[in-house]
Amino acid sequence: MTQDLVVEIFRESLMLSIELAGPLLLISMVVGLVISILQAATQVHEQTLSFVPKALTIAVLLLLMAPMMMNAMNDFMMDIFDIIKQISRHTAYG
């Protein structure tokens with residue numbers, strides 16, 4: 001296993017984590033911003049008012065994005081298993 005391969009795996013794992021968590025974080029930030037603007041306009045400053053909409057939004061997004069997220073993680077793990085198979089084959093015969 002070379003250093004380039006390790007760096008490539010690390011880079012792919014970081015990109016996958018950004019791909020999976022990015023939309024959830026972005027939408028959560030937008031919902032939080034909208035709730036903050038509404039709280040400032042109405043002068044109602046209750047902590048739970050921002051938590052509940054964000055939690056519901058994240059839950060709905062997780063339900064909608066679950067198939068895509070599982071496919072992306074499955075593809076990544078299959079790539080990792082292929083690399084492990086190549087390494088073990090190379091070390092067994094090398």
# chains A, B, ... in the order shown; residues from 1 in each chain; ligands from 1
call {"tool": "residues_around", "arguments": {"residues": "region 9-11 of chain A", "least_positions_apart": "5", "cutoff": "9 Å", "atoms": "only C-alpha atoms", "output": "ChimeraX atom specification"}}
result
/A:4,16,80
call {"tool": "write_last_selection", "arguments": {"atoms": "all heavy atoms", "output": "CSV table (one decimal), in the first residue's frame"}}
result
chain,number,residue,atom,x,y,z
A,4,ASP,N,0.5,7.3,-1.8
A,4,ASP,CA,-0.5,7.9,-2.7
A,4,ASP,C,-1.9,7.3,-2.6
A,4,ASP,O,-2.9,8.0,-2.7
A,4,ASP,CB,0.0,7.8,-4.2
A,4,ASP,CG,1.3,8.6,-4.4
A,4,ASP,OD1,1.5,9.6,-3.7
A,4,ASP,OD2,2.0,8.3,-5.3
A,16,LEU,N,-16.7,12.3,0.3
A,16,LEU,CA,-18.0,11.6,0.5
A,16,LEU,C,-18.7,12.2,1.8
A,16,LEU,O,-19.9,12.4,1.7
A,16,LEU,CB,-17.7,10.1,0.7
A,16,LEU,CG,-19.0,9.3,1.0
A,16,LEU,CD1,-19.9,9.3,-0.2
A,16,LEU,CD2,-18.6,7.8,1.3
A,80,ILE,N,-13.3,0.3,-1.4
A,80,ILE,CA,-12.4,0.0,-0.3
A,80,ILE,C,-12.1,-1.5,-0.3
A,80,ILE,O,-11.0,-2.0,-0.2
A,80,ILE,CB,-12.9,0.5,1.0
A,80,ILE,CG1,-13.0,2.0,1.1
A,80,ILE,CG2,-12.0,-0.1,2.2
A,80,ILE,CD1,-11.6,2.7,1.0
call {"tool": "residues_around", "arguments": {"residues": "Pro23 (chain A)", "least_positions_apart": "5", "cutoff": "9 Å", "atoms": "only C-alpha atoms", "output": "list of chain:residue names"}}
result
A:Ile18, A:Ser28, A:Leu61
call {"tool": "write_last_selection", "arguments": {"atoms": "all heavy atoms", "output": "mmCIF file, in the first residue's frame"}}
result
data_model
loop_
_atom_site.group_PDB
_atom_site.id
_atom_site.type_symbol
_atom_site.label_atom_id
_atom_site.label_comp_id
_atom_site.auth_asym_id
_atom_site.auth_seq_id
_atom_site.Cartn_x
_atom_site.Cartn_y
_atom_site.Cartn_z
ATOM 1 N N ILE A 18 -18.448 15.212 2.888
ATOM 2 C CA ILE A 18 -18.981 16.519 2.500
ATOM 3 C C ILE A 18 -20.225 16.350 1.629
ATOM 4 O O ILE A 18 -21.217 17.064 1.791
ATOM 5 C CB ILE A 18 -17.907 17.347 1.780
ATOM 6 C CG1 ILE A 18 -16.818 17.751 2.764
ATOM 7 C CG2 ILE A 18 -18.506 18.574 1.094
ATOM 8 C CD1 ILE A 18 -15.596 18.362 2.112
ATOM 9 N N SER A 28 -30.176 23.044 7.062
ATOM 10 C CA SER A 28 -30.345 23.373 8.473
ATOM 11 C C SER A 28 -29.963 24.826 8.754
ATOM 12 O O SER A 28 -30.634 25.515 9.531
ATOM 13 C CB SER A 28 -29.500 22.425 9.322
ATOM 14 O OG SER A 28 -29.615 22.747 10.677
ATOM 15 N N LEU A 61 -35.317 15.386 5.406
ATOM 16 C CA LEU A 61 -34.222 15.270 4.439
ATOM 17 C C LEU A 61 -33.533 13.912 4.521
ATOM 18 O O LEU A 61 -33.167 13.338 3.495
ATOM 19 C CB LEU A 61 -33.201 16.378 4.650
ATOM 20 C CG LEU A 61 -33.539 17.727 4.046
ATOM 21 C CD1 LEU A 61 -32.526 18.776 4.468
ATOM 22 C CD2 LEU A 61 -33.594 17.635 2.544
#
call {"tool": "residues_around", "arguments": {"residues": "Leu56 (chain A)", "least_positions_apart": "4", "cutoff": "12 Å", "atoms": "only C-alpha atoms", "output": "PyMOL selection string"}}
result
chain A and resi 24+27-28+31-32+49-52+60-63
call {"tool": "closest_residue", "arguments": {"among": "A:Thr2, A:Thr57, A:Ser17, A:Ser36", "to": "Ala72 (chain A)", "atoms": "only C-alpha atoms"}}
result
A:Ser17
